[in-house]
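Have a look at my_file.tsv; it's TSV, C-alpha atoms:
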```
chain	number	residue	atom	x	y	z
W	23	MET	CA	32.36	9.02	44.64
W	24	GLN	CA	35.67	8.34	43.02
W	25	PHE	CA	38.77	9.87	44.50
W	26	PHE	CA	41.50	8.53	42.32
W	27	GLY	CA	42.05	8.00	38.65
W	28	GLY	CA	41.09	4.91	36.65
W	29	SER	CA	42.56	1.55	37.36
W	30	GLU	CA	44.93	1.49	34.42
W	31	ILE	CA	48.16	3.36	34.88
W	32	SER	CA	50.28	4.81	32.12
W	33	PRO	CA	52.34	1.94	30.79
W	34	SER	CA	55.90	1.83	31.76
W	35	PRO	CA	59.34	2.23	30.84
W	36	PRO	CA	61.13	3.06	27.68
W	37	VAL	CA	64.43	1.29	27.14
W	38	PRO	CA	66.94	2.63	29.63
W	39	THR	CA	69.89	4.34	27.96
W	40	ALA	CA	73.42	4.41	29.21
W	41	SER	CA	73.17	7.58	31.23
W	42	GLY	CA	69.47	7.76	31.83
W	43	ASN	CA	68.74	5.46	34.69
W	44	ASN	CA	68.52	7.90	37.47
W	45	GLY	CA	64.81	8.57	37.47
W	46	HIS	CA	62.74	5.83	39.02
W	47	MET	CA	59.16	7.07	39.21
W	48	ILE	CA	57.05	10.16	38.91
W	49	TYR	CA	53.65	10.89	40.45
W	50	MET	CA	51.41	13.87	39.86
W	51	PHE	CA	48.37	14.63	42.01
W	52	ASN	CA	45.85	17.40	41.97
W	53	ARG	CA	44.32	19.10	44.99
W	54	ASN	CA	41.55	16.51	45.33
W	55	GLY	CA	43.88	13.55	45.55
W	56	VAL	CA	43.28	12.37	42.00
W	57	CYS	CA	46.44	10.76	40.66
W	58	LEU	CA	46.91	12.58	37.37
W	59	LEU	CA	50.01	10.74	36.32
W	60	TYR	CA	52.13	7.84	37.41
W	61	ARG	CA	55.07	6.71	35.32
W	62	GLU	CA	57.88	4.43	36.28
W	63	TRP	CA	61.18	3.87	34.63
W	64	ASN	CA	62.96	1.70	37.09
W	65	ARG	CA	61.08	0.10	39.93
W	66	PRO	CA	62.20	-3.38	40.90
W	67	LEU	CA	59.87	-3.82	43.88
W	68	ARG	CA	56.16	-3.24	44.09
W	69	THR	CA	54.41	-4.01	47.34
W	70	LEU	CA	50.93	-2.50	46.98
W	71	ASN	CA	48.42	-2.38	44.20
W	72	ALA	CA	48.25	0.82	42.21
W	73	GLN	CA	45.37	2.50	44.00
W	74	GLN	CA	46.72	1.82	47.46
W	75	ASP	CA	50.10	3.02	46.32
W	76	HIS	CA	48.68	6.34	45.14
W	77	LYS	CA	46.63	6.77	48.26
W	78	LEU	CA	49.63	6.07	50.42
W	79	MET	CA	51.78	8.54	48.54
W	80	PHE	CA	49.18	11.28	48.71
W	81	GLY	CA	48.53	10.69	52.39
W	82	LEU	CA	52.24	10.73	53.13
W	83	LEU	CA	52.69	14.09	51.44
W	84	PHE	CA	49.66	15.60	53.06
W	85	SER	CA	50.89	14.64	56.52
W	86	LEU	CA	54.48	15.65	55.85
W	87	LYS	CA	53.44	19.06	54.63
W	88	SER	CA	51.27	19.59	57.64
W	89	LEU	CA	54.01	18.47	59.99
W	90	THR	CA	56.76	20.58	58.43
W	91	ALA	CA	54.57	23.67	58.49
W	92	LYS	CA	53.68	23.23	62.15
W	93	MET	CA	57.27	22.61	63.19
W	94	ASP	CA	58.55	25.70	61.46
W	95	PRO	CA	60.60	27.65	64.03
W	96	THR	CA	60.51	30.89	62.06
W	97	SER	CA	56.81	31.24	61.43
W	98	ALA	CA	54.71	33.31	63.82
W	99	GLU	CA	51.26	31.88	63.38
W	100	LYS	CA	50.51	28.21	63.61
W	101	GLY	CA	47.14	26.57	63.65
W	102	ASN	CA	46.50	23.35	65.46
W	103	LEU	CA	48.08	20.23	64.08
W	104	GLY	CA	45.70	18.62	61.62
W	105	VAL	CA	43.97	21.84	60.55
W	106	PRO	CA	44.15	21.85	56.76
W	107	GLN	CA	46.19	24.60	55.18
W	108	LEU	CA	45.99	26.39	51.90
W	109	PRO	CA	48.35	24.82	49.37
W	110	GLY	CA	51.59	26.75	49.20
W	111	GLN	CA	51.13	28.45	52.54
W	112	GLY	CA	53.76	28.14	55.20
W	113	CYS	CA	56.99	26.40	54.50
W	114	SER	CA	56.89	23.17	52.59
W	115	PHE	CA	59.40	20.37	52.48
W	116	HIS	CA	60.99	19.77	49.12
W	117	SER	CA	62.80	16.48	49.40
W	118	PHE	CA	63.76	13.60	51.63
W	119	ARG	CA	66.47	11.05	51.16
W	120	THR	CA	66.93	7.49	52.34
W	121	ASN	CA	69.85	5.19	51.63
W	122	THR	CA	68.12	3.74	48.57
W	123	TYR	CA	66.22	6.67	47.01
W	124	LYS	CA	65.52	10.36	47.11
W	125	LEU	CA	62.03	11.76	46.86
W	126	SER	CA	61.64	15.33	45.54
W	127	PHE	CA	58.40	17.21	45.83
W	128	MET	CA	56.89	20.40	44.50
W	129	GLU	CA	53.45	21.86	45.03
W	130	SER	CA	51.97	24.76	43.13
W	131	PRO	CA	49.54	27.17	44.80
W	132	SER	CA	46.83	25.63	42.65
W	133	GLY	CA	47.39	22.31	44.37
W	134	ILE	CA	49.23	20.40	41.65
W	135	LYS	CA	51.80	18.17	43.33
W	136	ILE	CA	54.73	16.69	41.46
W	137	ILE	CA	56.79	13.93	43.05
W	138	LEU	CA	59.95	12.50	41.61
W	139	VAL	CA	61.67	9.44	43.07
W	140	THR	CA	65.29	9.12	42.01
W	141	HIS	CA	68.69	7.76	42.82
W	142	PRO	CA	69.86	8.87	46.30
W	143	ARG	CA	72.82	10.86	45.11
W	144	THR	CA	70.72	13.17	42.93
W	145	GLY	CA	71.20	16.89	43.54
W	146	ASP	CA	68.51	19.47	44.10
W	147	LEU	CA	65.72	18.84	41.63
W	148	ARG	CA	63.57	21.91	42.29
W	149	ASP	CA	64.36	23.43	38.90
W	150	SER	CA	63.58	20.15	37.18
W	151	LEU	CA	60.26	19.96	38.96
W	152	LYS	CA	59.47	23.49	37.82
W	153	TYR	CA	60.34	22.52	34.29
W	154	ILE	CA	58.04	19.51	34.50
W	155	TYR	CA	55.30	21.83	35.76
W	156	ASN	CA	55.89	23.98	32.67
W	157	LEU	CA	55.64	20.88	30.47
W	158	TYR	CA	52.37	20.05	32.20
W	159	VAL	CA	51.04	23.51	31.37
W	160	GLU	CA	52.10	23.38	27.76
W	161	TYR	CA	51.05	19.84	26.88
W	162	VAL	CA	48.21	19.05	29.24
W	163	VAL	CA	46.51	22.22	30.46
W	164	LYS	CA	46.48	23.78	27.02
W	165	ASN	CA	45.18	20.59	25.45
W	166	PRO	CA	41.47	21.07	24.70
W	167	LEU	CA	40.84	17.33	24.81
W	168	TYR	CA	41.99	17.10	28.40
W	169	THR	CA	39.43	17.48	31.20
W	170	PRO	CA	40.99	19.13	34.25
W	171	GLY	CA	40.91	16.78	37.20
W	172	SER	CA	41.14	13.56	35.24
W	173	PRO	CA	44.17	11.31	34.71
W	174	ILE	CA	46.51	12.48	32.00
W	175	ARG	CA	46.34	10.52	28.77
W	176	CYS	CA	48.39	12.78	26.51
W	177	GLN	CA	50.92	10.79	24.53
W	178	LEU	CA	52.92	13.87	23.63
W	179	PHE	CA	53.30	14.83	27.28
W	180	ASN	CA	54.50	11.32	28.16
W	181	THR	CA	57.06	11.31	25.38
W	182	THR	CA	58.42	14.74	26.20
W	183	LEU	CA	58.59	13.87	29.87
W	184	ASP	CA	60.49	10.65	29.18
W	185	GLN	CA	62.92	12.53	26.98
W	186	TYR	CA	63.48	15.16	29.64
W	187	MET	CA	64.02	12.58	32.36
W	188	ARG	CA	66.59	10.82	30.26
W	189	GLY	CA	68.32	14.10	29.74
W	190	ILE	CA	68.63	15.13	33.38
W	191	ALA	CA	69.61	11.77	34.80
Q	21	MET	CA	69.44	27.61	46.73
Q	22	ALA	CA	67.55	30.89	46.88
Q	23	PRO	CA	63.99	30.74	45.53
Q	24	VAL	CA	63.48	32.37	42.13
Q	25	ALA	CA	61.92	35.81	42.39
Q	26	PRO	CA	58.59	36.35	40.66
Q	27	ARG	CA	58.92	37.91	37.23
Q	28	SER	CA	57.24	41.17	36.40
Q	29	GLY	CA	54.34	41.27	33.98
Q	30	ASP	CA	56.36	43.15	31.37
Q	31	ALA	CA	59.17	40.63	31.34
Q	32	ILE	CA	56.83	37.72	30.87
Q	33	PHE	CA	54.75	39.51	28.27
Q	34	ALA	CA	57.91	40.09	26.27
Q	35	ASN	CA	58.84	36.42	26.32
Q	36	ILE	CA	55.52	34.79	25.77
Q	37	GLU	CA	54.10	33.86	22.37
Q	38	ARG	CA	51.70	36.52	21.16
Q	39	VAL	CA	48.89	36.59	18.65
Q	40	ASN	CA	47.73	39.48	16.49
Q	41	ALA	CA	45.54	41.79	18.58
Q	42	GLU	CA	43.00	42.34	15.84
Q	43	LEU	CA	42.63	38.62	15.28
Q	44	PHE	CA	41.97	38.22	18.99
Q	45	THR	CA	39.44	41.06	19.11
Q	46	LEU	CA	37.60	39.92	16.02
Q	47	THR	CA	37.53	36.28	17.13
Q	48	TYR	CA	36.03	37.28	20.47
Q	49	GLY	CA	33.53	39.47	18.69
Q	50	ALA	CA	32.53	36.58	16.46
Q	51	ILE	CA	32.00	34.37	19.52
Q	52	VAL	CA	29.74	36.91	21.19
Q	53	ARG	CA	27.84	37.50	17.97
Q	54	GLN	CA	27.27	33.78	17.52
Q	55	LEU	CA	26.13	33.36	21.11
Q	56	LEU	CA	23.61	36.14	20.62
Q	57	THR	CA	22.28	34.47	17.51
Q	58	ASP	CA	22.08	31.04	19.17
Q	59	LEU	CA	20.74	32.01	22.55
Q	60	GLU	CA	18.84	35.20	21.74
Q	61	GLU	CA	18.37	36.18	25.41
Q	62	VAL	CA	20.96	38.67	26.62
Q	63	GLU	CA	20.93	37.22	30.13
Q	64	GLU	CA	21.65	33.76	28.77
Q	65	VAL	CA	24.56	35.10	26.79
Q	66	ASN	CA	25.96	36.79	29.90
Q	67	LYS	CA	25.76	33.54	31.80
Q	68	GLN	CA	27.32	31.55	28.99
Q	69	LEU	CA	30.20	34.01	28.66
Q	70	GLU	CA	30.85	33.77	32.38
Q	71	GLN	CA	30.83	29.97	32.22
Q	72	MET	CA	33.26	30.01	29.31
Q	73	GLY	CA	35.47	32.33	31.27
Q	74	TYR	CA	35.32	29.99	34.26
Q	75	ASN	CA	36.47	27.06	32.12
Q	76	ILE	CA	39.34	29.17	30.83
Q	77	GLY	CA	40.24	30.39	34.31
Q	78	ILE	CA	40.68	26.95	35.83
Q	79	ARG	CA	43.35	26.17	33.23
Q	80	LEU	CA	44.82	29.64	33.00
Q	81	ILE	CA	45.86	29.60	36.65
Q	82	ASP	CA	48.45	26.87	36.05
Q	83	GLU	CA	49.97	28.70	33.14
Q	84	PHE	CA	50.06	31.87	35.18
Q	85	LEU	CA	51.75	30.17	38.14
Q	86	ALA	CA	54.25	28.36	35.95
Q	87	LYS	CA	55.32	31.42	33.97
Q	88	SER	CA	55.27	34.06	36.65
Q	89	ASN	CA	56.78	32.19	39.60
Q	90	VAL	CA	54.65	33.98	42.16
Q	91	SER	CA	54.41	32.14	45.42
Q	92	ARG	CA	51.23	31.98	47.46
Q	93	CYS	CA	49.86	35.45	48.20
Q	94	VAL	CA	49.68	36.33	51.86
Q	95	ASP	CA	46.32	38.06	51.75
Q	96	PHE	CA	43.64	39.16	49.35
Q	97	ARG	CA	45.25	42.57	48.79
Q	98	GLU	CA	48.32	40.94	47.40
Q	99	THR	CA	46.18	38.68	45.27
Q	100	ALA	CA	44.35	41.62	43.73
Q	101	ASP	CA	47.64	43.40	43.04
Q	102	VAL	CA	49.10	40.35	41.38
Q	103	ILE	CA	46.02	39.90	39.20
Q	104	ALA	CA	46.07	43.53	38.11
Q	105	LYS	CA	49.80	44.03	37.63
Q	106	VAL	CA	51.06	40.64	36.51
Q	107	GLY	CA	48.02	38.73	35.31
Q	108	PHE	CA	46.37	41.29	33.09
Q	109	LYS	CA	49.72	42.43	31.73
Q	110	MET	CA	50.80	38.90	30.93
Q	111	PHE	CA	47.68	37.78	29.14
Q	112	LEU	CA	46.14	40.92	27.68
Q	113	GLY	CA	49.09	43.27	27.56
Q	114	VAL	CA	47.32	45.97	29.57
Q	115	THR	CA	47.99	47.09	33.12
Q	116	ALA	CA	45.08	47.37	35.45
Q	117	SER	CA	44.91	49.16	38.77
Q	118	VAL	CA	43.26	48.25	42.04
Q	119	SER	CA	41.19	50.60	44.16
Q	120	ASN	CA	38.08	50.96	46.31
Q	121	TRP	CA	39.08	48.60	49.06
Q	122	ASP	CA	36.43	48.02	51.66
Q	123	ALA	CA	37.10	48.07	55.39
Q	124	GLU	CA	37.80	44.37	55.84
Q	125	GLY	CA	39.96	44.05	52.74
Q	126	THR	CA	37.73	41.47	51.09
Q	127	CYS	CA	36.29	43.53	48.28
Q	128	CYS	CA	38.05	45.67	45.72
Q	129	SER	CA	37.74	47.09	42.22
Q	130	ILE	CA	40.04	46.36	39.34
Q	131	ILE	CA	40.07	49.17	36.84
Q	132	LEU	CA	41.03	48.71	33.21
Q	133	GLU	CA	41.60	51.76	31.12
Q	134	ASP	CA	41.96	50.05	27.85
Q	135	ASN	CA	40.71	46.66	26.95
Q	136	PRO	CA	41.70	44.84	23.77
Q	137	LEU	CA	38.45	42.89	23.69
Q	138	VAL	CA	36.34	45.94	22.90
Q	139	ASP	CA	38.25	47.58	20.09
Q	140	PHE	CA	35.82	48.45	17.26
Q	141	VAL	CA	32.80	47.41	19.35
Q	142	GLU	CA	29.53	49.28	19.77
Q	143	LEU	CA	26.51	47.79	21.48
Q	144	PRO	CA	23.27	48.05	19.51
Q	145	ASP	CA	20.00	49.03	21.23
Q	146	THR	CA	18.74	45.46	21.27
Q	147	CYS	CA	21.65	44.33	23.44
Q	148	GLN	CA	21.74	46.95	26.13
Q	149	GLY	CA	21.82	44.43	28.97
Q	150	LEU	CA	24.83	42.62	27.58
Q	151	TYR	CA	28.09	42.52	29.53
Q	152	TYR	CA	30.34	42.19	26.53
Q	153	CYS	CA	33.47	41.36	28.53
Q	154	ASN	CA	31.81	38.97	30.90
Q	155	ILE	CA	34.33	36.33	29.97
Q	156	LEU	CA	36.87	38.24	32.07
Q	157	SER	CA	34.79	37.94	35.20
Q	158	GLY	CA	34.54	34.19	34.65
Q	159	VAL	CA	38.29	33.90	34.13
Q	160	ILE	CA	39.04	35.64	37.42
Q	161	ARG	CA	36.48	33.60	39.31
Q	162	GLY	CA	37.76	30.31	37.86
Q	163	ALA	CA	41.39	31.08	38.46
Q	164	LEU	CA	40.83	32.18	42.06
Q	165	GLU	CA	38.76	29.12	42.78
Q	166	MET	CA	41.72	26.92	41.90
Q	167	VAL	CA	43.78	28.70	44.53
Q	168	SER	CA	41.16	28.08	47.19
Q	169	MET	CA	39.33	31.42	47.06
Q	170	LYS	CA	35.64	31.58	46.39
Q	171	THR	CA	34.86	34.94	44.87
Q	172	GLU	CA	32.10	36.86	43.20
Q	173	VAL	CA	33.04	39.08	40.26
Q	174	THR	CA	30.69	41.67	38.82
Q	175	TRP	CA	30.92	44.64	36.48
Q	176	ILE	CA	30.48	48.06	37.97
Q	177	HIS	CA	31.40	50.28	35.04
Q	178	ASP	CA	31.50	49.40	31.38
Q	179	VAL	CA	32.74	51.67	28.60
Q	180	LEU	CA	30.30	50.13	26.13
Q	181	ARG	CA	27.47	51.36	28.30
Q	182	GLY	CA	28.75	54.90	28.50
Q	183	ASP	CA	31.20	54.98	31.43
Q	184	ASP	CA	34.84	56.06	31.22
Q	185	VAL	CA	36.62	52.92	32.30
Q	186	PHE	CA	36.00	49.24	32.86
Q	187	GLU	CA	35.60	48.47	36.51
Q	188	LEU	CA	35.29	44.96	37.89
Q	189	GLN	CA	34.35	44.35	41.47
Q	190	VAL	CA	36.01	41.29	42.99
Q	191	LYS	CA	34.59	40.15	46.28
Q	192	LEU	CA	36.15	37.39	48.33
Q	193	LEU	CA	33.45	35.16	49.77
Q	194	LYS	CA	35.64	32.68	51.57
Q	195	GLN	CA	38.93	30.83	51.56
Q	196	VAL	CA	38.51	27.10	51.22
Q	197	PRO	CA	41.47	25.16	52.61
Q	198	GLU	CA	42.07	21.75	51.17
Q	199	GLU	CA	40.82	18.79	53.10
Q	200	TYR	CA	42.14	15.29	53.14
Q	201	PRO	CA	40.04	13.76	50.40
Q	202	TYR	CA	40.08	10.11	51.35
Q	203	LYS	CA	37.68	8.73	53.88
Q	204	ASP	CA	39.27	6.99	56.80
Q	205	ASP	CA	37.94	3.56	56.06
Q	206	GLU	CA	40.39	1.60	54.01
```
Using structure tokens, write down the structure that the file contains.
Amino acid sequence: MQFFGGSEISPSPPVPTASGNNGHMIYMFNRNGVCLLYREWNRPLRTLNAQQDHKLMFGLLFSLKSLTAKMDPTSAEKGNLGVPQLPGQGCSFHSFRTNTYKLSFMESPSGIKIILVTHPRTGDLRDSLKYIYNLYVEYVVKNPLYTPGSPIRCQLFNTTLDQYMRGIA
Amino acid sequence: MAPVAPRSGDAIFANIERVNAELFTLTYGAIVRQLLTDLEEVEEVNKQLEQMGYNIGIRLIDEFLAKSNVSRCVDFRETADVIAKVGFKMFLGVTASVSNWDAEGTCCSIILEDNPLVDFVELPDTCQGLYYCNILSGVIRGALEMVSMKTEVTWIHDVLRGDDVFELQVKLLKQVPEEYPYKDDE
């Protein structure tokens, strides 16, 4: 049973422009853990192979979501820690920042997760993530040649995404 | 930053790209006609329409969530309201209403007074068992499955069979929370 996408990843980076070097990487997962998209624009260090990297990222998000929901001081009902939740339920974290990068996250109620890793001084990227979700709908979901649940191989989506990332950086 | 409020069905319908209603109706009619010719059995056609609807629904849900900004519904009542008021309005341009809730709140009816799919349509005597709009039941089932709800959608009343309105019964079978998909062995 295969849990993640094929071994080849979307090839990497277009030529960085003067302003556009803020975005480092983007990941997109669906609710079953399949990595739909991974693109990188600026990633000097790679420690794991691609599949382990995706698995690690997905596992991290899964645990973080669970943890943030359980620690919510305003919510009345809480299940036991580790009980899986419906996507979108409870509060969900939207970013974390270290001294070298910032990771922004968005999850739709249908389980599509979009992760953007950028420069640490980036502002709130929630609107950008929503825009990327809209791009996903227009170029991928509406594409009849795309099978839902498989890695994204739409050239038009990749190009538009690259252009958008260069624009917001 | 405050979260964006969900947009109403009318607002989205006004902004979205639209196609000529007659083209839509006639295209759907041609599909059903062709299915009847290919499959010949009315039951088979019903099943095929539902399957087509399911395939549409699993993609439609993302478009719906992206354009309407609704956050996760708290319970099934809210889900049914959102489907009727925002969903149907956004995609078909008609408003539906919800009624006939059962005691536990897991089963309800969505009532459509007009339905663009059936303009100009009359069912002949040879096709009396056909659920002409069965694609809609597939769409709802597919879309809800992608938000972790397993449902069963059936037609209760159908104007093409002599009733006054279209009535769809949507029954929630269970909620399926997502599980961690990877096995623990590395």
Self-check item: Residue with smallest distance to Tyr168 of chain W - pool Q:Lys109, Q:Thr115, Q:Asn75, Q:Leu193, counting all atoms listed in the file
Solution: Q:Asn75
Quiz item: atom CA of Ser114 of chain W to atom CA of Asp146 of chain W: how many Å, to one decimal?
Solution: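 Going from atom CA of Ser114 of chain W over to atom CA of Asp146 of chain W, I get 14.9 Å.
For segment 93-106 of chain Q, the list of residues within 8 Å, based on all atoms listed in the file and with local chain neighbours fewer than 6 positions off taken out, reads Ser28, Gly29, Asp30, Thr115, Ala116, Ser117, Val118, Gly125, Thr126, Cys128, Ile130 and Leu192 of chain Q.
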Quiz prompt | Interface list for chain Q, partner chain W, 9 Å threshold, all atoms listed in the file, as a list in words | solution =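 Close enough to count are Met21, Ile78, Arg79, Leu80, Ile81, Asp82, Glu83, Leu85, Ala86, Lys87, Val90, Ser91, Arg92, Cys93, Val94, Ala163, Leu164, Glu165, Met166, Val167, Ser168, Gln195, Val196, Pro197, Glu198, Glu199, Tyr200, Pro201 and Tyr202 of chain Q.
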Could you save the residues just selected, with C-alpha atoms, as a PDB file, in the coordinates of the input?
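Listed below is the output, again34.pdb:
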```
ATOM      1  CA  MET Q  21      69.440  27.610  46.730  1.00  0.00           C
ATOM      2  CA  ILE Q  78      40.680  26.950  35.830  1.00  0.00           C
ATOM      3  CA  ARG Q  79      43.350  26.170  33.230  1.00  0.00           C
ATOM      4  CA  LEU Q  80      44.820  29.640  33.000  1.00  0.00           C
ATOM      5  CA  ILE Q  81      45.860  29.600  36.650  1.00  0.00           C
ATOM      6  CA  ASP Q  82      48.450  26.870  36.050  1.00  0.00           C
ATOM      7  CA  GLU Q  83      49.970  28.700  33.140  1.00  0.00           C
ATOM      8  CA  LEU Q  85      51.750  30.170  38.140  1.00  0.00           C
ATOM      9  CA  ALA Q  86      54.250  28.360  35.950  1.00  0.00           C
ATOM     10  CA  LYS Q  87      55.320  31.420  33.970  1.00  0.00           C
ATOM     11  CA  VAL Q  90      54.650  33.980  42.160  1.00  0.00           C
ATOM     12  CA  SER Q  91      54.410  32.140  45.420  1.00  0.00           C
ATOM     13  CA  ARG Q  92      51.230  31.980  47.460  1.00  0.00           C
ATOM     14  CA  CYS Q  93      49.860  35.450  48.200  1.00  0.00           C
ATOM     15  CA  VAL Q  94      49.680  36.330  51.860  1.00  0.00           C
ATOM     16  CA  ALA Q 163      41.390  31.080  38.460  1.00  0.00           C
ATOM     17  CA  LEU Q 164      40.830  32.180  42.060  1.00  0.00           C
ATOM     18  CA  GLU Q 165      38.760  29.120  42.780  1.00  0.00           C
ATOM     19  CA  MET Q 166      41.720  26.920  41.900  1.00  0.00           C
ATOM     20  CA  VAL Q 167      43.780  28.700  44.530  1.00  0.00           C
ATOM     21  CA  SER Q 168      41.160  28.080  47.190  1.00  0.00           C
ATOM     22  CA  GLN Q 195      38.930  30.830  51.560  1.00  0.00           C
ATOM     23  CA  VAL Q 196      38.510  27.100  51.220  1.00  0.00           C
ATOM     24  CA  PRO Q 197      41.470  25.160  52.610  1.00  0.00           C
ATOM     25  CA  GLU Q 198      42.070  21.750  51.170  1.00  0.00           C
ATOM     26  CA  GLU Q 199      40.820  18.790  53.100  1.00  0.00           C
ATOM     27  CA  TYR Q 200      42.140  15.290  53.140  1.00  0.00           C
ATOM     28  CA  PRO Q 201      40.040  13.760  50.400  1.00  0.00           C
ATOM     29  CA  TYR Q 202      40.080  10.110  51.350  1.00  0.00           C
TER      30      TYR Q 202
END
```
Quiz item: Hey, can you pull every residue with an atom no more than 10 Å from (25.6, 41.0, 25.0), using all atoms listed in the file, and send it as a ChimeraX atom specification?
Solution: /Q:52-53,55-56,60-66,69,143-144,146-154
Can you put all heavy atoms back into segment 111-117 of chain Q and show it as a PDB file, in the coordinates of the input?
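Saved to out_39.pdb:
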```pdb
ATOM      1  N   PHE Q 111      48.586  38.401  30.089  1.00  0.00           N
ATOM      2  CA  PHE Q 111      47.680  37.780  29.140  1.00  0.00           C
ATOM      3  C   PHE Q 111      47.036  38.757  28.174  1.00  0.00           C
ATOM      4  O   PHE Q 111      46.724  38.386  27.054  1.00  0.00           O
ATOM      5  CB  PHE Q 111      46.589  36.995  29.880  1.00  0.00           C
ATOM      6  CG  PHE Q 111      47.112  35.757  30.544  1.00  0.00           C
ATOM      7  CD1 PHE Q 111      47.225  35.686  31.915  1.00  0.00           C
ATOM      8  CD2 PHE Q 111      47.520  34.683  29.792  1.00  0.00           C
ATOM      9  CE1 PHE Q 111      47.723  34.549  32.525  1.00  0.00           C
ATOM     10  CE2 PHE Q 111      48.017  33.542  30.393  1.00  0.00           C
ATOM     11  CZ  PHE Q 111      48.121  33.472  31.754  1.00  0.00           C
ATOM     12  N   LEU Q 112      46.783  39.982  28.595  1.00  0.00           N
ATOM     13  CA  LEU Q 112      46.140  40.920  27.680  1.00  0.00           C
ATOM     14  C   LEU Q 112      47.035  42.057  27.266  1.00  0.00           C
ATOM     15  O   LEU Q 112      46.678  42.840  26.399  1.00  0.00           O
ATOM     16  CB  LEU Q 112      44.872  41.501  28.314  1.00  0.00           C
ATOM     17  CG  LEU Q 112      43.692  40.550  28.483  1.00  0.00           C
ATOM     18  CD1 LEU Q 112      42.532  41.286  29.127  1.00  0.00           C
ATOM     19  CD2 LEU Q 112      43.252  40.000  27.145  1.00  0.00           C
ATOM     20  N   GLY Q 113      48.191  42.186  27.927  1.00  0.00           N
ATOM     21  CA  GLY Q 113      49.090  43.270  27.560  1.00  0.00           C
ATOM     22  C   GLY Q 113      48.686  44.626  28.079  1.00  0.00           C
ATOM     23  O   GLY Q 113      49.236  45.632  27.658  1.00  0.00           O
ATOM     24  N   VAL Q 114      47.720  44.675  29.003  1.00  0.00           N
ATOM     25  CA  VAL Q 114      47.320  45.970  29.570  1.00  0.00           C
ATOM     26  C   VAL Q 114      47.545  45.925  31.065  1.00  0.00           C
ATOM     27  O   VAL Q 114      47.436  44.877  31.681  1.00  0.00           O
ATOM     28  CB  VAL Q 114      45.832  46.270  29.321  1.00  0.00           C
ATOM     29  CG1 VAL Q 114      45.576  46.410  27.857  1.00  0.00           C
ATOM     30  CG2 VAL Q 114      44.957  45.201  29.903  1.00  0.00           C
ATOM     31  N   THR Q 115      47.845  47.087  31.660  1.00  0.00           N
ATOM     32  CA  THR Q 115      47.990  47.090  33.120  1.00  0.00           C
ATOM     33  C   THR Q 115      46.720  47.616  33.728  1.00  0.00           C
ATOM     34  O   THR Q 115      46.164  48.609  33.275  1.00  0.00           O
ATOM     35  CB  THR Q 115      49.130  48.022  33.531  1.00  0.00           C
ATOM     36  OG1 THR Q 115      50.164  47.891  32.600  1.00  0.00           O
ATOM     37  CG2 THR Q 115      49.638  47.647  34.894  1.00  0.00           C
ATOM     38  N   ALA Q 116      46.281  46.926  34.757  1.00  0.00           N
ATOM     39  CA  ALA Q 116      45.080  47.370  35.450  1.00  0.00           C
ATOM     40  C   ALA Q 116      45.499  47.961  36.772  1.00  0.00           C
ATOM     41  O   ALA Q 116      46.633  47.785  37.217  1.00  0.00           O
ATOM     42  CB  ALA Q 116      44.161  46.186  35.662  1.00  0.00           C
ATOM     43  N   SER Q 117      44.576  48.653  37.434  1.00  0.00           N
ATOM     44  CA  SER Q 117      44.910  49.160  38.770  1.00  0.00           C
ATOM     45  C   SER Q 117      43.818  48.715  39.737  1.00  0.00           C
ATOM     46  O   SER Q 117      42.712  48.361  39.331  1.00  0.00           O
ATOM     47  CB  SER Q 117      45.016  50.675  38.737  1.00  0.00           C
ATOM     48  OG  SER Q 117      43.862  51.210  38.158  1.00  0.00           O
TER      49      SER Q 117
END
```
